[in-house]
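Peer 1: Just input38.cif, nothing more (mmCIF, C-alpha atoms):
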data_input
loop_
_atom_site.label_atom_id
_atom_site.label_comp_id
_atom_site.auth_asym_id
_atom_site.auth_seq_id
_atom_site.Cartn_x
_atom_site.Cartn_y
_atom_site.Cartn_z
CA MET Z 24 215.69 -172.23 177.14
CA THR Z 25 217.44 -169.19 175.69
CA GLY Z 26 215.53 -169.59 172.44
CA ARG Z 27 212.24 -169.85 174.36
CA TRP Z 28 213.09 -166.72 176.37
CA GLN Z 29 213.93 -164.86 173.18
CA LEU Z 30 210.64 -165.97 171.66
CA ASP Z 31 208.65 -164.86 174.73
CA HIS Z 32 210.60 -161.63 174.86
CA GLY Z 33 209.82 -160.98 171.21
CA VAL Z 34 206.12 -161.64 171.72
CA LEU Z 35 206.16 -159.42 174.82
CA ALA Z 36 207.87 -156.59 172.94
CA ARG Z 37 205.41 -156.81 170.07
CA CYS Z 38 202.44 -156.91 172.46
CA SER Z 39 203.81 -153.90 174.38
CA LEU Z 40 204.33 -152.04 171.14
CA GLY Z 41 200.79 -152.78 170.06
CA ALA Z 42 199.36 -151.76 173.41
CA LEU Z 43 201.33 -148.52 173.47
CA LEU Z 44 200.28 -147.71 169.94
CA GLY Z 45 196.69 -148.31 170.94
CA VAL Z 46 196.98 -146.10 174.02
CA ALA Z 47 198.73 -143.38 172.02
CA MET Z 48 196.01 -143.45 169.37
CA ILE Z 49 193.24 -143.31 171.95
CA ALA Z 50 195.00 -140.47 173.82
CA SER Z 51 195.51 -138.53 170.59
CA ALA Z 52 191.90 -139.03 169.61
CA ALA Z 53 190.70 -137.87 173.04
CA ALA Z 54 193.00 -134.85 172.93
CA ALA Z 55 191.60 -133.71 169.61
CA SER Z 56 188.09 -135.06 169.70
CA LEU Z 57 186.10 -132.07 170.95
CA LEU Z 58 183.72 -131.77 168.03
CA LEU Z 59 182.66 -128.14 168.04
CA PRO Z 60 179.88 -127.21 165.65
CA PRO Z 61 180.85 -125.41 162.46
CA LEU Z 62 180.40 -121.67 162.60
CA VAL Z 63 178.19 -121.68 159.52
CA GLN Z 64 175.85 -124.41 158.32
CA PRO Z 65 175.78 -125.09 155.45
CA ALA Z 66 179.34 -123.97 154.93
CA SER Z 67 179.82 -120.81 152.89
CA SER Z 68 182.70 -119.04 151.23
CA GLU Z 69 181.94 -115.81 153.12
CA HIS Z 70 184.79 -114.44 155.18
CA HIS Z 71 184.70 -111.22 157.18
CA ALA Z 72 188.15 -110.66 158.56
CA GLY Z 73 188.01 -108.49 161.64
CA LYS Z 74 184.45 -109.41 162.54
CA VAL Z 75 183.68 -110.83 165.99
CA VAL Z 76 182.32 -114.23 165.03
CA TRP Z 77 182.24 -116.22 168.27
CA VAL Z 78 182.45 -115.94 172.05
CA ASP Z 79 183.29 -118.50 174.70
CA LEU Z 80 182.40 -118.22 178.36
CA VAL Z 81 184.81 -119.90 180.73
CA THR Z 82 182.91 -120.55 183.93
CA PRO Z 83 183.26 -122.60 187.09
CA ASP Z 84 179.51 -123.34 187.07
CA LEU Z 85 178.31 -124.52 183.68
CA ALA Z 86 174.92 -125.67 184.94
CA GLY Z 87 174.33 -122.34 186.71
CA ALA Z 88 175.39 -120.38 183.63
CA LYS Z 89 173.01 -122.35 181.42
CA ARG Z 90 170.14 -121.68 183.82
CA PHE Z 91 170.96 -117.98 183.94
CA TYR Z 92 171.44 -117.31 180.22
CA GLY Z 93 168.59 -119.62 179.28
CA ALA Z 94 166.19 -117.73 181.53
CA LEU Z 95 167.54 -114.31 180.55
CA PHE Z 96 167.72 -114.61 176.78
CA GLY Z 97 165.83 -117.79 175.96
CA TRP Z 98 168.98 -119.56 174.84
CA SER Z 99 168.98 -123.34 174.57
CA PHE Z 100 172.07 -125.50 174.85
CA ASN Z 101 173.73 -128.45 173.15
CA ASP Z 102 176.08 -130.23 175.49
CA ILE Z 103 179.34 -131.70 174.30
CA HIS Z 104 181.45 -133.80 176.60
CA SER Z 105 184.88 -134.90 175.57
CA GLY Z 106 187.89 -135.94 177.57
CA HIS Z 107 188.35 -133.39 180.34
CA THR Z 108 185.98 -130.87 178.82
CA ASP Z 109 182.33 -130.10 179.43
CA TYR Z 110 181.34 -127.69 176.69
CA SER Z 111 177.91 -126.41 175.83
CA VAL Z 112 176.90 -124.58 172.68
CA ALA Z 113 174.39 -121.78 173.28
CA LEU Z 114 171.70 -121.48 170.62
CA LEU Z 115 168.91 -119.08 169.82
CA ASP Z 116 166.28 -120.40 167.44
CA GLY Z 117 168.71 -123.16 166.54
CA ARG Z 118 171.54 -120.79 165.64
CA PRO Z 119 174.79 -121.23 167.58
CA LEU Z 120 175.73 -118.05 169.47
CA GLY Z 121 178.71 -119.04 171.52
CA GLY Z 122 180.14 -121.66 173.79
CA LEU Z 123 180.22 -122.21 177.53
CA VAL Z 124 183.02 -124.26 178.97
CA GLN Z 125 183.34 -125.55 182.50
CA ARG Z 126 186.72 -124.90 184.08
CA ALA Z 127 187.76 -124.79 187.69
CA PRO Z 128 189.19 -121.38 188.50
CA PRO Z 129 192.94 -121.42 188.93
CA SER Z 130 194.11 -121.88 192.47
CA GLY Z 131 195.78 -119.08 194.35
CA GLU Z 132 194.90 -115.55 193.38
CA PRO Z 133 191.14 -115.09 192.86
CA ARG Z 134 189.98 -114.84 189.27
CA GLN Z 135 186.67 -114.15 187.64
CA PRO Z 136 184.98 -115.78 184.65
CA ALA Z 137 184.88 -113.93 181.37
CA TRP Z 138 183.52 -114.12 177.85
CA LEU Z 139 186.37 -114.53 175.37
CA THR Z 140 186.01 -112.68 172.05
CA PHE Z 141 186.92 -114.47 168.79
CA ILE Z 142 187.86 -112.31 165.80
CA SER Z 143 187.72 -113.76 162.29
CA VAL Z 144 191.01 -114.08 160.43
CA ARG Z 145 191.95 -115.67 157.12
CA ASP Z 146 195.24 -117.11 158.33
CA VAL Z 147 196.01 -117.77 161.98
CA ALA Z 148 199.74 -118.24 161.41
CA ALA Z 149 200.09 -114.92 159.60
CA THR Z 150 197.98 -113.21 162.26
CA GLU Z 151 200.14 -114.68 164.99
CA ARG Z 152 203.28 -113.31 163.34
CA SER Z 153 201.67 -109.90 163.00
CA ILE Z 154 200.44 -109.84 166.60
CA LEU Z 155 203.85 -110.77 167.95
CA THR Z 156 205.55 -108.23 165.69
CA HIS Z 157 203.28 -105.48 167.00
CA GLY Z 158 203.77 -106.22 170.67
CA GLY Z 159 200.99 -108.70 171.41
CA LYS Z 160 201.50 -111.94 173.27
CA LEU Z 161 200.58 -115.51 172.45
CA LEU Z 162 198.56 -117.13 175.23
CA MET Z 163 197.30 -120.29 173.54
CA SER Z 164 199.13 -121.72 170.57
CA PRO Z 165 197.09 -122.24 167.39
CA ARG Z 166 195.07 -125.42 167.47
CA ASN Z 167 192.76 -127.11 164.99
CA TYR Z 168 189.28 -128.23 165.92
CA ALA Z 169 187.38 -130.47 163.56
CA GLN Z 170 184.53 -128.63 161.84
CA ARG Z 171 185.39 -125.36 163.59
CA GLY Z 172 188.76 -124.40 162.15
CA ARG Z 173 191.96 -123.09 163.67
CA GLN Z 174 192.09 -120.78 166.66
CA ALA Z 175 194.53 -119.21 169.08
CA VAL Z 176 194.38 -116.85 172.05
CA PHE Z 177 196.42 -113.66 172.43
CA ALA Z 178 196.75 -110.56 174.58
CA ASP Z 179 197.12 -107.16 172.99
CA PRO Z 180 200.10 -105.02 174.08
CA GLN Z 181 198.04 -103.54 176.91
CA GLY Z 182 196.84 -106.90 178.19
CA ALA Z 183 193.31 -107.23 176.80
CA VAL Z 184 192.77 -110.88 175.91
CA PHE Z 185 191.11 -112.01 172.67
CA ALA Z 186 191.10 -115.00 170.35
CA VAL Z 187 191.31 -115.36 166.60
CA LEU Z 188 189.44 -117.94 164.55
CA GLN Z 189 190.05 -119.12 161.01
CA SER Z 190 186.69 -120.73 160.40
CA SER Z 191 186.66 -123.77 158.13
CA SER Z 192 182.99 -123.25 157.28
CA GLY Z 193 183.11 -119.53 156.50
CA ASP Z 194 181.93 -116.63 158.63
CA PRO Z 195 178.36 -115.75 159.58
CA PRO Z 196 176.77 -113.26 157.21
CA ASP Z 197 176.57 -109.58 158.08
CA VAL Z 198 172.98 -109.33 159.22
CA LEU Z 199 171.27 -107.42 162.00
CA ALA Z 200 171.47 -109.38 165.24
CA ALA Z 201 168.13 -110.37 166.73
CA PRO Z 202 167.30 -109.58 170.36
CA GLY Z 203 169.13 -112.15 172.46
CA GLU Z 204 172.07 -112.36 170.03
CA TRP Z 205 175.52 -110.80 170.37
CA ILE Z 206 175.47 -107.49 168.53
CA TRP Z 207 178.51 -105.44 169.53
CA SER Z 208 181.93 -105.51 171.12
CA SER Z 209 184.18 -102.95 172.69
CA VAL Z 210 187.74 -102.79 173.89
CA MET Z 211 188.75 -100.79 176.93
CA ALA Z 212 192.39 -99.72 176.88
CA ARG Z 213 194.70 -97.49 178.90
CA ASP Z 214 195.97 -95.85 175.70
CA ALA Z 215 193.20 -96.15 173.15
CA ALA Z 216 195.20 -94.53 170.33
CA GLN Z 217 198.11 -96.95 170.69
CA ASP Z 218 195.74 -99.90 170.99
CA ALA Z 219 193.86 -98.75 167.88
CA ALA Z 220 197.15 -98.78 166.00
CA PHE Z 221 197.79 -102.34 167.13
CA TYR Z 222 194.37 -103.61 165.98
CA GLN Z 223 194.63 -101.67 162.75
CA ASP Z 224 198.06 -103.10 161.97
CA VAL Z 225 197.01 -106.66 162.80
CA PHE Z 226 193.46 -106.82 161.42
CA GLY Z 227 193.52 -104.05 158.83
CA TYR Z 228 190.65 -102.13 160.40
CA GLU Z 229 189.64 -98.71 159.26
CA VAL Z 230 189.72 -96.48 162.32
CA PHE Z 231 187.02 -93.84 162.70
CA GLU Z 232 187.40 -91.25 165.38
CA ASN Z 233 184.26 -91.06 167.38
CA PRO Z 234 183.40 -87.93 169.28
CA THR Z 235 182.16 -88.22 172.82
CA ASP Z 236 181.75 -85.63 175.49
CA ASP Z 237 184.35 -86.89 177.95
CA GLY Z 238 187.40 -85.74 176.05
CA ALA Z 239 188.97 -89.20 175.96
CA THR Z 240 189.89 -91.11 172.82
CA HIS Z 241 187.09 -93.26 171.43
CA VAL Z 242 187.35 -94.87 168.01
CA VAL Z 243 185.34 -97.31 165.95
CA LEU Z 244 187.08 -100.25 164.29
CA SER Z 245 185.56 -101.09 160.93
CA SER Z 246 185.89 -103.74 158.24
CA ASP Z 247 183.78 -104.42 155.15
CA ASP Z 248 182.27 -100.97 155.79
CA TYR Z 249 180.63 -102.17 159.00
CA ALA Z 250 181.41 -101.08 162.53
CA ARG Z 251 182.95 -104.09 164.31
CA ALA Z 252 183.94 -102.74 167.72
CA SER Z 253 184.57 -99.58 169.64
CA LEU Z 254 187.88 -98.92 171.30
CA ASN Z 255 187.72 -96.68 174.33
CA THR Z 256 190.02 -95.10 176.86
CA LEU Z 257 189.56 -96.55 180.31
CA PRO Z 258 188.28 -93.97 182.78
CA ALA Z 259 190.95 -91.80 184.34
CA ASP Z 260 190.92 -93.60 187.69
CA ALA Z 261 192.31 -96.61 185.91
CA ALA Z 262 194.24 -98.11 188.81
CA ARG Z 263 191.49 -100.62 189.54
CA ARG Z 264 190.60 -101.18 185.91
CA HIS Z 265 192.27 -103.47 183.45
CA PRO Z 266 192.18 -103.49 179.65
CA HIS Z 267 189.60 -105.93 178.35
CA TRP Z 268 187.16 -106.81 175.62
CA LEU Z 269 183.45 -106.61 176.42
CA ASN Z 270 180.66 -108.08 174.31
CA PHE Z 271 177.07 -106.87 174.15
CA VAL Z 272 173.80 -108.73 173.64
CA ARG Z 273 170.99 -106.94 171.82
CA VAL Z 274 167.99 -106.36 174.07
CA THR Z 275 164.72 -104.53 173.63
CA SER Z 276 164.99 -102.90 177.06
CA ALA Z 277 168.29 -102.58 178.91
CA SER Z 278 166.50 -101.52 182.09
CA ASP Z 279 164.13 -104.49 182.09
CA THR Z 280 166.91 -106.92 181.24
CA ALA Z 281 169.19 -105.49 183.93
CA ALA Z 282 166.43 -105.96 186.48
CA ARG Z 283 165.99 -109.53 185.29
CA VAL Z 284 169.75 -110.10 185.64
CA VAL Z 285 169.50 -109.14 189.31
CA ALA Z 286 166.44 -111.34 189.85
CA LEU Z 287 168.38 -114.27 188.39
CA GLY Z 288 171.33 -113.75 190.73
CA GLY Z 289 173.54 -111.52 188.63
CA ARG Z 290 174.70 -107.94 189.22
CA VAL Z 291 174.52 -104.61 187.45
CA LEU Z 292 178.01 -103.17 186.93
CA VAL Z 293 177.03 -100.13 184.87
CA GLN Z 294 173.49 -98.85 185.25
CA PRO Z 295 171.60 -98.38 181.98
CA PHE Z 296 172.43 -95.08 180.32
CA THR Z 297 171.68 -93.54 176.97
CA ASP Z 298 174.58 -94.02 174.58
CA ARG Z 299 175.43 -91.94 171.51
CA HIS Z 300 173.13 -93.91 169.19
CA GLY Z 301 170.18 -93.00 171.37
CA GLY Z 302 169.56 -96.45 172.82
CA GLN Z 303 170.38 -97.62 176.30
CA VAL Z 304 173.51 -99.53 177.24
CA ALA Z 305 174.31 -101.36 180.48
CA VAL Z 306 176.98 -103.70 181.78
CA VAL Z 307 175.99 -106.63 183.95
CA ALA Z 308 177.58 -109.76 185.36
CA ASP Z 309 176.21 -113.28 185.54
CA PRO Z 310 175.95 -115.03 188.94
CA ALA Z 311 179.53 -116.30 188.63
CA GLY Z 312 180.79 -112.79 187.86
CA ALA Z 313 181.34 -112.86 184.08
CA PRO Z 314 180.66 -109.37 182.72
CA PHE Z 315 178.78 -108.65 179.51
CA GLY Z 316 176.94 -105.73 177.99
CA LEU Z 317 173.32 -105.06 177.10
CA LEU Z 318 172.57 -102.85 174.12
CA GLU Z 319 169.31 -101.51 172.79
CA TRP Z 320 169.36 -101.14 169.03
CA ALA Z 321 166.42 -100.14 166.87
CA GLU Z 322 166.25 -101.43 163.31
CA ALA Z 323 166.22 -97.86 162.02
CA ASP Z 324 169.54 -97.14 163.78
CA GLY Z 325 171.51 -99.08 161.20
CA GLN Z 326 169.65 -97.97 158.13
CA GLN Z 327 171.09 -95.57 155.64
CA ASP Z 328 168.55 -92.85 156.14
CA ALA Z 329 168.71 -92.86 159.94
CA LYS Z 330 169.82 -89.58 161.41
CA MET Y 23 223.42 -173.81 163.38
CA ASN Y 24 219.83 -173.47 162.29
CA THR Y 25 218.72 -172.76 165.88
CA LEU Y 26 221.50 -170.22 166.27
CA MET Y 27 220.37 -168.38 163.12
CA LYS Y 28 216.75 -168.33 164.33
CA THR Y 29 217.80 -166.95 167.71
CA LEU Y 30 219.89 -164.27 166.02
CA MET Y 31 216.99 -163.27 163.76
CA LYS Y 32 214.57 -163.04 166.70
CA THR Y 33 217.04 -160.93 168.65
CA LEU Y 34 217.39 -158.62 165.66
CA VAL Y 35 213.61 -158.33 165.36
CA ASN Y 36 213.34 -157.65 169.08
CA ARG Y 37 215.93 -154.88 168.86
CA ARG Y 38 214.02 -153.32 166.00
CA SER Y 39 210.82 -153.59 168.01
CA MET Y 40 212.44 -151.98 171.01
CA ARG Y 41 213.87 -149.21 168.85
CA ALA Y 42 210.44 -148.59 167.35
CA LEU Y 43 208.93 -148.63 170.80
CA PHE Y 44 211.46 -146.06 171.99
CA VAL Y 45 210.73 -143.78 169.03
CA ILE Y 46 206.96 -143.99 169.57
CA VAL Y 47 207.17 -143.35 173.31
CA SER Y 48 209.49 -140.39 172.72
CA ALA Y 49 207.14 -138.98 170.10
CA ALA Y 50 204.15 -139.46 172.39
CA LEU Y 51 205.92 -137.69 175.25
CA ALA Y 52 206.98 -134.86 172.96
CA GLY Y 53 203.42 -134.58 171.71
CA CYS Y 54 202.13 -134.27 175.27
CA VAL Y 55 204.59 -131.48 176.00
CA VAL Y 56 203.94 -129.58 172.78
CA GLY Y 57 200.19 -130.13 173.05
CA GLY Y 58 200.01 -128.23 176.34
CA GLY Y 59 198.01 -125.06 175.81
CA TYR Y 60 198.80 -121.64 177.16
CA ASP Y 61 202.09 -120.00 177.88
CA GLY Y 62 200.76 -117.68 180.52
CA GLY Y 63 199.88 -114.06 180.10
CA PRO Y 64 199.44 -110.72 181.73
CA GLY Y 65 197.25 -110.95 184.77
CA ALA Y 66 195.64 -114.21 183.86
CA ASP Y 67 196.11 -117.93 184.26
CA TYR Y 68 196.38 -120.23 181.32
CA GLY Y 69 196.59 -123.84 182.37
CA GLY Y 70 195.65 -125.71 179.27
CA ALA Y 71 197.97 -128.67 179.63
CA GLY Y 72 196.17 -131.95 179.61
CA VAL Y 73 192.82 -130.56 178.50
CA ASP Y 74 191.24 -131.09 175.14
CA TYR Y 75 189.90 -127.57 174.75
CA GLY Y 76 192.58 -125.00 175.31
CA VAL Y 77 190.37 -122.05 176.21
CA ASP Y 78 190.45 -121.53 179.96
CA TYR Y 79 190.78 -117.78 180.36
CA TYR Y 80 189.88 -116.21 183.68
CA GLU Y 81 190.05 -112.46 184.14
CA PRO Y 82 191.88 -110.86 187.04
CA PHE Y 83 189.59 -110.43 190.02
CA GLY Y 84 188.70 -107.28 191.90
CA TYR Y 85 188.77 -104.77 189.05
CA ASP Y 86 186.03 -102.23 188.51
CA TYR Y 87 183.94 -102.05 185.41
CA GLY Y 88 182.29 -98.93 184.22
CA GLY Y 89 183.09 -95.71 186.01
CA TRP Y 90 182.06 -94.16 182.75
CA GLY Y 91 181.34 -90.53 183.25
CA PRO Y 92 178.76 -88.47 181.37
CA GLY Y 93 179.27 -88.65 177.65
CA TYR Y 94 181.29 -91.85 177.73
CA GLY Y 95 180.14 -93.73 174.61
CA VAL Y 96 180.86 -97.37 173.90
CA GLY Y 97 178.01 -98.33 171.62
CA PRO Y 98 177.97 -98.45 167.84
CA PRO Y 99 177.28 -95.29 165.86
CA ARG Y 100 174.05 -95.00 163.95
CA ARG Y 101 174.23 -95.08 160.17
CA GLY Y 102 174.80 -91.59 158.87
CA TYR Y 103 176.38 -90.40 162.10
CA ASP Y 104 177.84 -86.95 161.59
CA ARG Y 105 181.63 -86.99 161.90
CA GLY Y 106 181.90 -83.26 161.32
CA GLY Y 107 184.34 -81.42 163.51
CA TYR Y 108 186.27 -84.52 164.48
CA ASP Y 109 188.03 -85.39 161.27
CA ARG Y 110 191.67 -84.51 161.58
CA GLY Y 111 192.35 -81.38 159.62
CA GLY Y 112 188.69 -81.19 158.73
CA ARG Y 113 187.49 -78.79 161.36
CA GLY Y 114 187.78 -75.84 159.08
CA ASP Y 115 189.34 -73.65 161.76
CA GLY Y 116 192.95 -74.23 160.84
CA HIS Y 117 193.44 -76.58 163.75
CA VAL Y 118 195.25 -79.81 162.99
CA ALA Y 119 195.20 -82.38 165.76
CA PRO Y 120 198.40 -84.23 166.64
CA HIS Y 121 198.95 -87.24 164.42
CA PRO Y 122 197.67 -90.30 166.24
CA ALA Y 123 199.36 -93.66 166.44
CA TYR Y 124 196.79 -95.10 164.08
CA ARG Y 125 195.86 -94.01 160.56
CA PRO Y 126 192.42 -92.40 160.80
CA ALA Y 127 189.86 -93.04 158.08
CA ALA Y 128 189.74 -90.38 155.42
CA PRO Y 129 187.38 -87.50 156.21
CA SER Y 130 185.43 -88.37 153.09
CA ARG Y 131 184.52 -91.78 154.51
CA SER Y 132 181.19 -91.87 156.26
CA MET Y 133 180.94 -93.40 159.68
CA PRO Y 134 180.04 -97.10 159.43
CA SER Y 135 177.32 -98.69 161.49
CA LEU Y 136 175.99 -102.17 162.18
CA PRO Y 137 174.52 -104.35 159.45
CA SER Y 138 170.87 -103.52 158.88
CA ARG Y 139 169.88 -106.45 156.67
CA PRO Y 140 167.55 -108.83 158.52
CA ARG Y 141 168.46 -112.49 158.58
CA GLY Y 142 167.19 -114.56 155.68
CA ARG Y 143 166.89 -111.73 153.18
#
Please go through the file and, once you have read it, give me the structure as C-alpha cells.
Peer 2:
Amino acid sequence: MTGRWQLDHGVLARCSLGALLGVAMIASAAAASLLLPPLVQPASSEHHAGKVVWVDLVTPDLAGAKRFYGALFGWSFNDIHSGHTDYSVALLDGRPLGGLVQRAPPSGEPRQPAWLTFISVRDVAATERSILTHGGKLLMSPRNYAQRGRQAVFADPQGAVFAVLQSSSGDPPDVLAAPGEWIWSSVMARDAAQDAAFYQDVFGYEVFENPTDDGATHVVLSSDDYARASLNTLPADAARRHPHWLNFVRVTSASDTAARVVALGGRVLVQPFTDRHGGQVAVVADPAGAPFGLLEWAEADGQQDAK
Amino acid sequence: MNTLMKTLMKTLVNRRSMRALFVIVSAALAGCVVGGGYDGGPGADYGGAGVDYGVDYYEPFGYDYGGWGPGYGVGPPRRGYDRGGYDRGGRGDGHVAPHPAYRPAAPSRSMPSLPSRPRGR
C-alpha cells in the first residue's frame, strides 16, 4: 500500500510539475507576445539618436480614437490583440506612424489621455543610467518587444514624461514628413534652460537658442544637423500648467484641420496662430482629451535657400 | 529488500521533483513581481503590472494648454534662420549673456531645420 501511494504520489508530482511548467510557459509567452511591427521595414542600419521615432496614444476609447484619427488624417489601422492589450498600429499609405493602446484610466483622481513620445537611443541601459544621474526618473523599466526593440519610460527632472526606444530594425530615415504624418515635437518646461541641459547631457543634443518675442527661453534641440524638438518655457501663469511633451502632425491648413477636429468631437486648445517659420500652428485635443499639435510646413521651409 | 530499495528510490525522485517544483514556482512568482511595469511617477499613474504592454501613461487632468502670448514660438525654424543677435557673446555690443545651464551651439553653427528630402529619393 505504501509502495502504491509512493508511486501515485510520484506520478502526481511529475504531472503537477509538467502542468506548472506548461502554465508558466504559456504565461511567459502571453506576457511577452505583443508583436509590435518593426520601426523600419526592411531593417536598416540607420540610427538617429535623439530623433523622435515613435508615438503611442494611451486612450480609454480605442474605437473612438481610430474613428477620429482615421477621419481627420486618413490613417488606417492594424489591430493587434494580445493578452490584456488591445493595440492598434496607425498607418498612412502603409507606413506605421504610431500606436494606439486601450487602457482604462486609473481610478481615483481624473486623468487625461496623452500621446507618449519615443526618442531614439543606441543603448537603453546606458541612457537609463544617464537619465537617473541627471535627475530624471524611471517610470517603466526597460522591456524588450520582439521586432520592435527595447524601450523604457522616464520623466525628466521637471516631470515631463517621455520614452526611449532602441530600435532593432534601425530608425526611420530623415525625410520630410508628408501631410498627416508626425513632423515635430516640443517640450514645455518650467525652467527651459535647466531642462535643455538635461536633454543635452542625456541625448547629446546641440542646443540652439531661438529668439522669440516673449522674452522667455526657447531653444531648439538638434542632432545629425536636424532640428528634433523645441524646448520652451511654460507661460508665466504656470500654476495650472504642467511640463509635457507635445507632438505635431503636418497639415496643409491648421485652420481647416482645427475646424474638422471640432466637427469630429475634439476641441481646440490653442487657436491657429502664425509661428516663427511663417506657417500656422495649433493645439487640439481628440474627443477623449489627448492633446496634439497641428503644424503647417511648406517644402521650401526646410530647404537650404529658404529665407 | 528489493521492494524497500524501489520505495527509497521513488521517494528520492519525488523529493527531487518537489524541489524542482518549488524552484520553478519561486522563479515564476519572482518573474511576475519583476515583470510588473511602472514604478510610479510625478503626477501620473503607472499601473503596468499584469499587462503585456507596459505603456499606460495618463497625463494629469485639469491643466491648461497654450496660454501662449504673442511671439511665443514652438515650431521648427526654417532652414537658414538668422540667429544674429542671439548668439551668446555674438551681439557685437559687448554684452555677454549669463552662462546658461546648457552648452549653446557655437555661433558659427547655422540654425538647423527639418529634413527637406522627400521620401523615396
Peer 1: Under the rule that only C-alpha atoms are counted, which of Z:Leu161, Z:Leu59, Z:Leu95, Z:Ala219 is the nearest residue to Ala281 (chain Z)?
Peer 2: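 Of all the options, Z:Leu95 lies closest to Ala281 (chain Z).
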Peer 1: Go through the shown structure with the PyMOL selection byres ((chain Y and resi 97) around 8) and write out the matching residues as a PDB file with C-alpha atoms, keeping the file's coordinate frame.
Peer 2:
ATOM      1  CA  TRP Z 207     178.510-105.440 169.530  1.00  0.00           C
ATOM      2  CA  SER Z 209     184.180-102.950 172.690  1.00  0.00           C
ATOM      3  CA  SER Z 253     184.570 -99.580 169.640  1.00  0.00           C
ATOM      4  CA  ASP Z 298     174.580 -94.020 174.580  1.00  0.00           C
ATOM      5  CA  ARG Z 299     175.430 -91.940 171.510  1.00  0.00           C
ATOM      6  CA  HIS Z 300     173.130 -93.910 169.190  1.00  0.00           C
ATOM      7  CA  VAL Z 304     173.510 -99.530 177.240  1.00  0.00           C
ATOM      8  CA  LEU Z 318     172.570-102.850 174.120  1.00  0.00           C
TER       9      LEU Z 318
ATOM     10  CA  GLY Y  95     180.140 -93.730 174.610  1.00  0.00           C
ATOM     11  CA  VAL Y  96     180.860 -97.370 173.900  1.00  0.00           C
ATOM     12  CA  PRO Y  98     177.970 -98.450 167.840  1.00  0.00           C
ATOM     13  CA  PRO Y  99     177.280 -95.290 165.860  1.00  0.00           C
TER      14      PRO Y  99
END
Peer 1: Once the PyMOL selection byres ((chain Z and resi 319) around 8) has been applied to the shown file, what residues remain in the selection, as a PyMOL selection string?
Peer 2: chain Z and resi 273-277+302-304+317-318+320-321
Peer 1: Which residue, Z:Phe141, Z:Tyr92, Z:Phe221, Z:Trp77, has the smallest gap to chain Y when you use only C-alpha atoms?
Peer 2: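 Counting only C-alpha atoms, the residue closest to chain Y is Z:Phe221.
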Peer 1: Env of region 196-203 of chain Z: 6 Å cut, atoms = all atoms listed in the file, seq-sep filter 3 positions within chain, self excluded. Answer as number ranges by chain.
Peer 2: Z: 96, 206, 272-274; Y: 137-141
Peer 1: Identify which of the residues Z:Tyr249, Z:Trp98, Z:Tyr110, Z:Phe177 lies closest to chain Y, counting all atoms listed in the file when measuring atom-to-atom distances.
Peer 2: Z:Tyr249
Peer 1: Would you work out the distance separating CA of Leu80 (chain Z) from CA of Ser68 (chain Z), expressed in Å to one decimal?
Peer 2: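 Straight-line distance from CA of Leu80 (chain Z) to CA of Ser68 (chain Z) works out to 27.1 Å.
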Peer 1: How many Å lie between CA of Ala311 (chain Z) and CA of Asp86 (chain Y), rounded to one decimal?
Peer 2: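 Computed distance, CA of Ala311 (chain Z) to CA of Asp86 (chain Y), equals 15.5 Å.
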Peer 1: As an exercise, work out the distance from CA of Val187 (chain Z) to CA of Leu62 (chain Z) in Å and give it to one decimal place.
Peer 2: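 Computing the Euclidean distance for CA of Val187 (chain Z) and CA of Leu62 (chain Z) yields 13.2 Å.
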Peer 1: Please provide the set of residues having any atom within 7 Å of Asn101 (chain Z), restricted to all atoms listed in the file, with same-chain residues fewer than 3 positions apart removed, written as JSON, numbers by chain.
Peer 2: {"Z": [111, 112, 113]}
Peer 1: For Arg264 (chain Z), find every residue with an atom within 9 Å (counting only C-alpha atoms), except residues of its own chain fewer than 4 positions away, and show them as JSON, numbers by chain.
Peer 2: {"Z": [213, 257, 258, 260], "Y": [84, 85, 86, 87, 88]}
Peer 1: Which residues, written as a PyMOL selection string, have at least one atom at most 9 Å from region 147-157 of chain Z, with all atoms listed in the file counted and residues fewer than 3 positions away on the same chain left out?
Peer 2: chain Z and resi 144+160-161+165+173-175+177-180+187-189+221-222+224-226
Peer 1: Which residues are near Leu58 (chain Z)? Cut-off 10 Å, all atoms listed in the file, ignore same chain within fewer than 5 positions. Put them as a PDB file with C-alpha atoms, in the coordinates of the input.
Peer 2:
ATOM      1  CA  ILE Z 103     179.340-131.700 174.300  1.00  0.00           C
ATOM      2  CA  HIS Z 104     181.450-133.800 176.600  1.00  0.00           C
ATOM      3  CA  SER Z 105     184.880-134.900 175.570  1.00  0.00           C
ATOM      4  CA  TYR Z 110     181.340-127.690 176.690  1.00  0.00           C
ATOM      5  CA  TYR Z 168     189.280-128.230 165.920  1.00  0.00           C
ATOM      6  CA  ALA Z 169     187.380-130.470 163.560  1.00  0.00           C
ATOM      7  CA  GLN Z 170     184.530-128.630 161.840  1.00  0.00           C
ATOM      8  CA  ARG Z 171     185.390-125.360 163.590  1.00  0.00           C
TER       9      ARG Z 171
END
Peer 1: Take the PyMOL selection byres ((chain Z and resi 252) around 12), apply it to the structure above, and return the hits as an NGL selection string.
Peer 2: (:Z and (73-76 or 140 or 142 or 205-211 or 219 or 222-223 or 228-231 or 233 or 241-246 or 249-251 or 253-255 or 268-271)) or (:Y and (95-99 or 134-136))
Peer 1: Given the choices Z:Ser164, Z:Gly316, Z:Thr240, Z:Gly172, which gets closest to chain Y if the distance is worked out from all atoms listed in the file?
Peer 2: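 Nearest to chain Y: Z:Ser164.
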